[in-house]
Every structure is written in structure tokens, then in C-alpha cells.
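Next comes structure-v8.cif, a file with mmCIF, C-alpha atoms.
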data_structure
#
loop_
_atom_site.label_atom_id
_atom_site.label_comp_id
_atom_site.auth_asym_id
_atom_site.auth_seq_id
_atom_site.Cartn_x
_atom_site.Cartn_y
_atom_site.Cartn_z
CA MET A 24 32.09 13.65 33.91
CA TYR A 25 30.08 11.24 31.78
CA ASP A 26 31.75 8.05 30.57
CA PRO A 27 30.97 7.27 26.87
CA ALA A 28 30.63 3.55 27.68
CA GLN A 29 28.02 4.35 30.33
CA LEU A 30 26.20 6.68 27.93
CA ARG A 31 26.07 3.96 25.25
CA THR A 32 24.65 1.55 27.80
CA PHE A 33 22.09 4.16 28.86
CA LEU A 34 20.97 4.64 25.24
CA ALA A 35 20.71 0.88 24.68
CA VAL A 36 18.43 0.52 27.72
CA ALA A 37 16.40 3.61 26.73
CA GLN A 38 15.82 2.24 23.23
CA THR A 39 14.95 -1.35 24.19
CA LEU A 40 13.40 -0.62 27.63
CA SER A 41 15.10 -3.80 28.78
CA PHE A 42 18.35 -4.39 30.68
CA THR A 43 18.47 -7.91 29.20
CA GLN A 44 18.08 -6.73 25.61
CA ALA A 45 20.62 -3.95 26.16
CA ALA A 46 23.13 -6.48 27.44
CA ARG A 47 22.61 -8.65 24.35
CA ARG A 48 23.04 -5.68 22.03
CA LEU A 49 26.23 -4.54 23.74
CA GLY A 50 27.66 -8.04 24.23
CA VAL A 51 28.11 -7.62 27.99
CA ARG A 52 26.65 -9.13 31.15
CA GLN A 53 23.38 -7.77 32.50
CA SER A 54 25.21 -6.93 35.72
CA THR A 55 27.52 -4.69 33.69
CA VAL A 56 24.51 -2.86 32.22
CA SER A 57 23.09 -2.35 35.72
CA GLN A 58 26.47 -1.11 36.96
CA HIS A 59 26.84 1.37 34.08
CA VAL A 60 23.36 2.76 34.65
CA ARG A 61 23.92 3.04 38.40
CA ARG A 62 27.22 4.90 37.92
CA LEU A 63 25.68 7.24 35.36
CA GLU A 64 22.81 7.99 37.74
CA GLU A 65 25.36 8.68 40.49
CA ALA A 66 27.29 11.03 38.19
CA ALA A 67 24.10 12.86 37.23
CA GLY A 68 22.71 12.83 40.75
CA ARG A 69 19.32 11.86 39.30
CA GLN A 70 17.33 8.69 38.71
CA LEU A 71 17.21 8.03 34.95
CA PHE A 72 14.99 4.94 34.89
CA ALA A 73 11.91 3.90 36.85
CA ARG A 74 12.11 0.12 37.02
CA ASP A 75 10.57 -2.86 38.73
CA THR A 76 10.53 -6.60 38.02
CA HIS A 77 8.17 -6.16 35.05
CA ARG A 78 8.85 -2.81 33.43
CA VAL A 79 11.54 -0.24 32.64
CA ASP A 80 10.63 3.38 31.79
CA LEU A 81 12.57 6.59 31.39
CA THR A 82 12.05 9.21 34.08
CA VAL A 83 11.75 12.90 33.21
CA ASP A 84 15.48 13.25 33.93
CA GLY A 85 16.13 10.19 31.78
CA GLU A 86 14.32 11.86 28.88
CA ALA A 87 16.54 14.90 29.36
CA MET A 88 19.67 12.74 29.46
CA LEU A 89 18.79 11.31 26.02
CA GLY A 90 19.63 14.58 24.30
CA PHE A 91 22.82 15.15 26.28
CA ALA A 92 24.00 11.57 25.73
CA ARG A 93 23.41 11.83 22.01
CA THR A 94 25.37 15.11 21.74
CA ILE A 95 28.31 13.79 23.76
CA LEU A 96 28.52 10.51 21.85
CA ASP A 97 28.17 12.21 18.46
CA ALA A 98 31.14 14.43 19.27
CA HIS A 99 33.12 11.47 20.59
CA GLU A 100 32.44 9.33 17.50
CA ARG A 101 33.21 12.13 15.03
CA ALA A 102 36.52 12.79 16.74
CA ALA A 103 37.38 9.07 16.67
CA ALA A 104 36.49 8.80 12.97
CA PHE A 105 38.54 11.90 12.12
CA PHE A 106 41.70 10.78 13.87
CA THR A 107 41.58 7.11 12.83
CA GLY A 108 41.27 8.23 9.22
CA THR A 109 39.19 5.24 8.16
CA ARG A 110 37.78 5.58 4.63
CA LEU A 111 34.96 3.22 3.82
CA ARG A 112 34.16 2.59 0.17
CA GLY A 113 31.69 0.50 -1.79
CA ARG A 114 28.01 0.27 -2.64
CA LEU A 115 25.53 -0.23 0.20
CA ARG A 116 21.91 -1.20 -0.52
CA PHE A 117 19.86 -0.16 2.51
CA GLY A 118 16.15 -0.81 2.98
CA ALA A 119 13.95 1.01 5.49
CA SER A 120 10.30 0.69 6.42
CA GLU A 121 8.20 3.70 5.47
CA ASP A 122 7.38 4.06 9.18
CA PHE A 123 10.70 5.87 9.61
CA VAL A 124 10.42 8.42 6.80
CA LEU A 125 8.98 11.07 9.13
CA THR A 126 11.38 10.38 12.01
CA ARG A 127 14.97 11.56 12.32
CA LEU A 128 16.33 8.64 10.29
CA PRO A 129 17.28 11.09 7.50
CA GLU A 130 19.56 12.85 10.01
CA ILE A 131 21.30 9.55 10.77
CA LEU A 132 21.74 8.85 7.05
CA GLU A 133 23.00 12.39 6.41
CA SER A 134 25.56 12.03 9.20
CA PHE A 135 26.64 8.64 7.82
CA ARG A 136 27.14 10.10 4.33
CA HIS A 137 29.12 13.00 5.80
CA ASP A 138 31.41 10.62 7.69
CA HIS A 139 31.72 8.16 4.78
CA PRO A 140 31.46 10.19 1.55
CA GLU A 141 32.94 7.42 -0.59
CA VAL A 142 30.18 4.94 0.25
CA GLU A 143 27.52 4.78 -2.49
CA LEU A 144 24.30 4.53 -0.47
CA GLU A 145 21.15 3.24 -2.19
CA LEU A 146 17.92 3.59 -0.19
CA THR A 147 14.80 1.45 -0.70
CA VAL A 148 11.60 2.34 1.19
CA GLU A 149 9.05 -0.47 1.30
CA LEU A 150 6.78 -2.63 3.45
CA SER A 151 8.66 -4.51 6.18
CA GLY A 152 7.63 -7.88 4.80
CA THR A 153 8.79 -6.93 1.31
CA LEU A 154 12.12 -5.67 2.63
CA HIS A 155 12.77 -8.96 4.44
CA GLN A 156 11.98 -10.84 1.22
CA ARG A 157 14.41 -8.71 -0.78
CA LEU A 158 17.07 -9.16 1.87
CA ALA A 159 16.68 -12.94 1.72
CA ALA A 160 16.92 -12.80 -2.08
CA GLY A 161 20.23 -10.93 -1.89
CA ARG A 162 18.85 -7.68 -3.28
CA LEU A 163 19.58 -5.65 -0.12
CA ASP A 164 22.53 -5.56 2.26
CA LEU A 165 20.90 -4.09 5.37
CA VAL A 166 17.27 -3.61 6.41
CA LEU A 167 15.61 -1.56 9.15
CA ALA A 168 12.06 -2.84 9.55
CA LYS A 169 9.45 -4.42 11.79
CA ARG A 170 9.52 -8.13 12.52
CA ARG A 171 6.57 -10.42 13.12
CA THR A 172 5.50 -11.30 16.65
CA GLY A 173 7.52 -14.27 17.86
CA ASP A 174 10.30 -13.87 15.29
CA THR A 175 13.84 -13.69 16.63
CA HIS A 176 15.83 -12.67 13.56
CA GLY A 177 17.55 -9.31 13.43
CA GLU A 178 19.09 -7.04 16.05
CA LEU A 179 16.62 -5.11 18.17
CA VAL A 180 16.79 -1.34 17.58
CA ARG A 181 13.75 -0.28 19.56
CA ARG A 182 10.54 -1.72 20.96
CA ASP A 183 7.11 -0.13 20.82
CA THR A 184 3.44 -1.01 21.21
CA LEU A 185 0.92 -1.16 18.40
CA ALA A 186 -2.21 0.98 18.67
CA TRP A 187 -5.44 1.38 16.75
CA ILE A 188 -5.45 4.92 15.34
CA GLY A 189 -7.94 6.96 13.37
CA ALA A 190 -9.39 10.43 12.82
CA PRO A 191 -10.20 12.33 16.04
CA ARG A 192 -13.96 12.27 15.39
CA LEU A 193 -14.17 8.68 14.17
CA ARG A 194 -16.64 6.52 16.09
CA ILE A 195 -16.57 2.72 15.94
CA ASP A 196 -19.98 1.04 16.06
CA PRO A 197 -19.62 -2.13 18.20
CA ASP A 198 -22.48 -3.76 16.27
CA ARG A 199 -20.91 -3.34 12.82
CA PRO A 200 -17.71 -4.72 11.24
CA VAL A 201 -14.58 -2.72 12.07
CA PRO A 202 -13.55 -0.64 9.00
CA LEU A 203 -9.86 -1.22 8.37
CA VAL A 204 -7.24 0.84 6.57
CA LEU A 205 -4.47 -1.61 5.71
CA PHE A 206 -1.26 -2.24 3.87
CA PRO A 207 -1.52 -5.16 1.42
CA PRO A 208 0.21 -8.48 2.14
CA PRO A 209 2.90 -9.07 3.35
CA GLY A 210 2.31 -6.08 5.64
CA ILE A 211 3.19 -7.02 9.21
CA THR A 212 0.71 -4.63 10.86
CA ARG A 213 -1.98 -5.91 8.51
CA ALA A 214 -1.35 -9.49 9.57
CA ARG A 215 -1.41 -8.55 13.25
CA ALA A 216 -4.63 -6.52 12.97
CA LEU A 217 -6.52 -9.32 11.23
CA GLU A 218 -5.12 -11.92 13.61
CA VAL A 219 -6.30 -10.20 16.81
CA LEU A 220 -9.72 -9.38 15.38
CA GLU A 221 -10.21 -13.01 14.34
CA GLU A 222 -9.01 -14.22 17.75
CA HIS A 223 -11.61 -12.03 19.48
CA GLY A 224 -14.40 -12.85 17.04
CA ARG A 225 -14.72 -9.23 15.98
CA PRO A 226 -16.12 -8.81 12.42
CA TRP A 227 -14.14 -6.55 10.11
CA ARG A 228 -14.13 -5.16 6.59
CA ILE A 229 -11.41 -3.56 4.48
CA ALA A 230 -12.17 0.11 3.82
CA CYS A 231 -8.87 0.99 2.14
CA THR A 232 -5.71 -0.79 0.96
CA SER A 233 -2.57 1.02 -0.14
CA THR A 234 1.14 0.25 -0.43
CA SER A 235 1.82 3.87 0.57
CA LEU A 236 1.73 5.08 4.16
CA SER A 237 0.66 8.48 2.83
CA GLY A 238 -2.33 6.86 1.14
CA LEU A 239 -3.35 5.05 4.32
CA VAL A 240 -2.96 8.18 6.41
CA ALA A 241 -5.13 10.16 3.95
CA ALA A 242 -7.85 7.51 4.15
CA ALA A 243 -7.70 7.39 7.94
CA ARG A 244 -7.83 11.18 8.22
CA ALA A 245 -10.92 11.12 6.01
CA GLY A 246 -12.59 8.86 8.57
CA LEU A 247 -12.73 5.75 6.36
CA GLY A 248 -11.49 3.47 9.12
CA VAL A 249 -8.80 2.58 11.65
CA MET A 250 -5.15 1.59 11.24
CA ALA A 251 -2.85 -0.59 13.32
CA HIS A 252 0.25 1.51 13.84
CA SER A 253 3.25 1.96 16.10
CA ARG A 254 2.28 4.22 19.01
CA GLY A 255 5.60 6.08 18.85
CA LEU A 256 5.16 6.87 15.13
CA ILE A 257 1.56 8.16 14.95
CA PRO A 258 1.23 10.49 11.93
CA PRO A 259 -0.10 14.04 12.38
CA GLY A 260 -3.88 14.33 12.29
CA LEU A 261 -4.49 10.85 13.71
CA VAL A 262 -5.02 9.76 17.32
CA PRO A 263 -5.29 6.50 19.26
CA VAL A 264 -8.79 5.04 19.20
CA PRO A 265 -10.36 5.37 22.70
CA ALA A 266 -10.60 2.20 24.78
CA ARG A 267 -14.40 2.54 24.84
CA ALA A 268 -14.42 1.42 21.19
CA GLY A 269 -13.68 -2.07 22.51
CA LEU A 270 -11.00 -2.97 19.98
CA PRO A 271 -8.66 -5.76 21.11
CA GLU A 272 -5.09 -5.06 22.19
CA LEU A 273 -2.56 -5.39 19.38
CA GLY A 274 0.49 -6.11 21.52
CA GLY A 275 4.06 -5.00 20.89
CA VAL A 276 6.21 -4.51 17.84
CA ASP A 277 9.97 -4.75 17.41
CA PHE A 278 12.00 -2.69 14.97
CA VAL A 279 15.14 -4.56 14.01
CA LEU A 280 18.22 -4.39 11.82
CA SER A 281 18.86 -7.40 9.63
CA HIS A 282 22.00 -8.04 7.59
CA GLY A 283 21.93 -9.77 4.23
CA HIS A 284 24.59 -11.96 2.67
CA ARG A 285 27.96 -10.48 3.56
CA ARG A 286 28.63 -9.10 0.08
CA GLU A 287 32.20 -8.05 -0.60
CA GLY A 288 32.44 -4.28 -0.81
CA ALA A 289 29.40 -3.72 1.40
CA ARG A 290 30.30 -5.58 4.59
CA GLU A 291 32.17 -2.81 6.41
CA ALA A 292 29.78 -0.08 5.21
CA ALA A 293 26.77 -2.12 6.40
CA ASP A 294 28.38 -2.62 9.80
CA ALA A 295 29.11 1.11 10.11
CA LEU A 296 25.56 2.14 9.17
CA ALA A 297 24.09 -0.49 11.50
CA ALA A 298 26.21 0.87 14.35
CA ALA A 299 25.02 4.42 13.60
CA ILE A 300 21.36 3.35 13.58
CA LEU A 301 21.71 1.36 16.80
CA ALA A 302 23.39 4.32 18.47
CA GLY A 303 20.63 6.64 17.26
CA GLY A 304 17.67 4.36 17.89
CA ASP A 305 16.08 6.91 20.25
CA ARG A 306 15.68 9.22 17.25
CA LEU A 307 13.39 6.78 15.45
CA VAL A 308 10.17 8.19 16.88
CA ARG A 309 8.06 11.15 15.89
CA GLU A 310 8.90 14.41 17.64
CA ALA A 311 6.84 14.99 20.79
CA GLY A 312 3.63 16.78 19.89
CA ALA A 313 4.07 16.23 16.15
CA ALA A 314 1.02 14.01 16.05
CA THR A 315 -1.83 16.18 17.22
CA GLY A 316 -4.04 14.89 19.98
CA GLN A 317 -2.00 11.81 20.83
CA ASP A 318 -3.24 12.05 24.38
CA GLY A 319 -6.81 11.55 23.22
CA ALA A 320 -6.79 7.86 24.19
#

Would you mind writing the file's structure down as C-alpha cells?
Amino acid sequence: MYDPAQLRTFLAVAQTLSFTQAARRLGVRQSTVSQHVRRLEEAAGRQLFARDTHRVDLTVDGEAMLGFARTILDAHERAAAFFTGTRLRGRLRFGASEDFVLTRLPEILESFRHDHPEVELELTVELSGTLHQRLAAGRLDLVLAKRRTGDTHGELVRRDTLAWIGAPRLRIDPDRPVPLVLFPPPGITRARALEVLEEHGRPWRIACTSTSLSGLVAAARAGLGVMAHSRGLIPPGLVPVPARAGLPELGGVDFVLSHGHRREGAREAADALAAAILAGGDRLVREAGAATGQDGA
């Protein structure tokens, strides 16, 4: 009833919230993406996306289709891998931003290791900026991380907005410098937070710096200050800062996959893991309701 090609197209649109970006990822025409979505909606008898000239969003039925599409495609891909008998080997050095530790990325990695047991997977968890530096230096083969606003490198996995977050009872005094909880350089969210505050002439001070997301979350929960963070990845115990605080908009953030030098012995494994992450990009968010009080904005 549901064509795997149409389901892959649906997932690409759901993850990027863009027919254009989905077409680029899949290497097809935008008209083909539109056709696949239309046919899938006809097969389901439901509208899966609410769209106009400026915005694409999943409908309630689209949200439901995410789970079904993932299950169908997982079964399809496992069957294909079993019967083709491909056996990848080699050492794969994979770097991931700490943003994804509390998402379902571990499930994607577990599935990859199950399908390719002879690949020696080495995982590095670091700041996005640091991961891109290590990739450029040839110390990693594949990186899943944020990219700076305006950058075009890497393959888009998913798009999100950045939000100011803090403890539920935190109050920001408009007459005093904004207390910030930040990663050190070259943190991408750090750079964006300081940039927008400077642009709007809003004074700020650093209340906490840590290379660990856990350290930043602990400081934010204690009410030391606010963090700039992906809205889809808000940690438990933190909430978006209300608009009445008057903090400037942070804009969007892209999570991308970037390949390093095509090292012999890692090329095919990197391509296979990249394909698995792209297919499972909808899993790279926190579970609904996992971050308490997210609707407090």
C-alpha cells in the first residue's frame, strides 16, 4: 500500500521541512518530491503536511505517519541488507555533537552495528566547532553536528530553531546584563548568542562556561542564567524563556552530516552510517514531553 520511495521522500520533507531541501538530499526534482507526497497522501487518505508559500509543517496525521514510515522502511532495509549479503569492514571514526546524546541516535548506532558487525566504530562526542576542526585535520571520517549560520558545507539532516532556555522560575531583569550559560569557543550556539545580543545592544555577562552539556544544564537548572539551545532538544528541567523577557530571536540552526577525507577502509562504512542517519533524522529530537514544561513559552 505504501511505496518505500514515497516514504523516504516523506521522511526527507519531514526532517528538513522543505520540499527544496528534500529534493537536494534525494537527488531528484522538486516536482518529484511533490508527486511522491501527493501520492502518499492519496494512499493514506489524509493530509500529511500543512504547507503554503513560506512554511511546511507536519499535520497530526503526518506526525502519526512518521512512526509507520520508519517501521516500514526499517523492515525493508533490513531485508535488503540480509539478502544482498554485503559485509562492510574497516575502522570508522564518527563524531557527534553532544546535543544528540539524549535523542535516539544511540538506537541508530546500535542498528548500524547490528547490520555491520565487522565495522569498528569509534565515537567522539564534542562541541560542533571542535568536531569540524578534527574532521578538517583528518582525525574523523564522519561528523554529525551543527553548522554556523550562512555556512553551506555538509548534508542537511534536520532543521530547527534556536531558543533561549532556562529554569522555570528564572526571571530576566531587562535593566541588568543577561546572565549566560555557554559552551567555550568554538561553540556555535555561543557564537550565535553573543552575536544577536551585540546586534541588539543588549548587555550580557557570562555566568557559567563548560565544555559539557551536563555542566551547562546543571547551571541553568540552578538558575544561574540562560542558554541558547535547539528547541527540539531542550533538556529535562529547562523551558523556553518567555517572550516578555525581551531577549532577541536567535534564528535557525542546521544539523548536518559532513564527510572527511575519503580514507581507504572507511569510505563505504561512512556512506552506510550517513545513509542510516539521514533516514532516521526524525529520531534526532527529544521524546515529546521529555523536557518538562516546554509549553511554558

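Among the candidates A:His223, A:His252, A:Arg213, A:Arg136, the residue lying nearest to Ala186 of chain A is A:His252 (atoms considered: all atoms listed in the file).
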
If you apply the PyMOL selection byres ((chain A and resi 52-59) around 7) to this file, what residues do you get, as a PyMOL selection string? chain A and resi 29+32+42-43+46+51+60-63

Can you list, as a ChimeraX atom specification, every protein, DNA or RNA residue that comes within 9 Å of Ser151 of chain A when you count all atoms listed in the file, leaving out same-chain residues fewer than 5 positions away? /A:118-121,156,166-170,209-211

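Comparing A:Phe33, A:Phe123, A:Phe117, A:Phe105 by their smallest distance to Met88 of chain A, the closest is A:Phe33 (using only C-alpha atoms).
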
Apply the PyMOL selection byres ((chain A and resi 174-177) around 10) to the structure shown and report the selected residues as a list in words.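 That selection, the PyMOL selection byres ((chain A and resi 174-177) around 10), comes back as Val166, Leu167, Ala168, Lys169, Arg170, Arg171, Thr172, Gly173, Glu178, Leu179, Val180, Asp277, Phe278, Val279, Leu280, Ser281 and His282 of chain A.
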
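Nearest to Pro259 of chain A of all the residues A:Pro27, A:Gly85, A:Gly189, A:Gly50 is A:Gly189, counting only C-alpha atoms.
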
Using the chain letters and numbers from the file, give me the residues hit by the PyMOL selection byres ((chain A and resi 39) around 9), as a PyMOL selection string. chain A and resi 34-38+40-45+179-183+304

Non-local contacts of Gly246 of chain A (9 Å; all atoms listed in the file; under 2 positions in same chain excluded) as an NGL selection string: :A and (189-194 or 241-244 or 248-249)

List the neighbours of His99 of chain A out to 12 Å using only C-alpha atoms; skip same-chain residues closer than 3 positions along the sequence, and give me the result as a ChimeraX atom specification. /A:25-28,30-31,92-96,102-106

Calculated over all atoms listed in the file, which of the candidates A:Val142, A:Glu86, A:Val79, A:Leu158 has the smallest distance to Arg110 of chain A?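 Smallest separation from Arg110 of chain A among the options: A:Val142.
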
Measure the distance from atom CA of Asp84 of chain A to atom CA of Val308 of chain A in Å and round it to one decimal. 18.6 Å

Using only C-alpha atoms, find the one residue out of A:Ser253, A:Ser134, A:Gln70, A:Thr76 that sits nearest to Ala216 of chain A.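 Closest candidate: A:Ser253.
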
So the first atom is atom CA of Leu71 of chain A and the second is atom CA of Asp122 of chain A; what is the distance between them in Å, to one decimal place?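 Rounded to one decimal, the two atoms are 27.9 Å apart.
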
Any idea what the distance is between atom CA of Arg101 of chain A and atom CA of His137 of chain A?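 The value is 10.1 Å.
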
Pick from A:Leu144, A:Ala214, A:Ile300, A:Met250 nearest to Val201 of chain A, counting only C-alpha atoms: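 Comparing A:Leu144, A:Ala214, A:Ile300, A:Met250 against Val201 of chain A, the winner is A:Met250.
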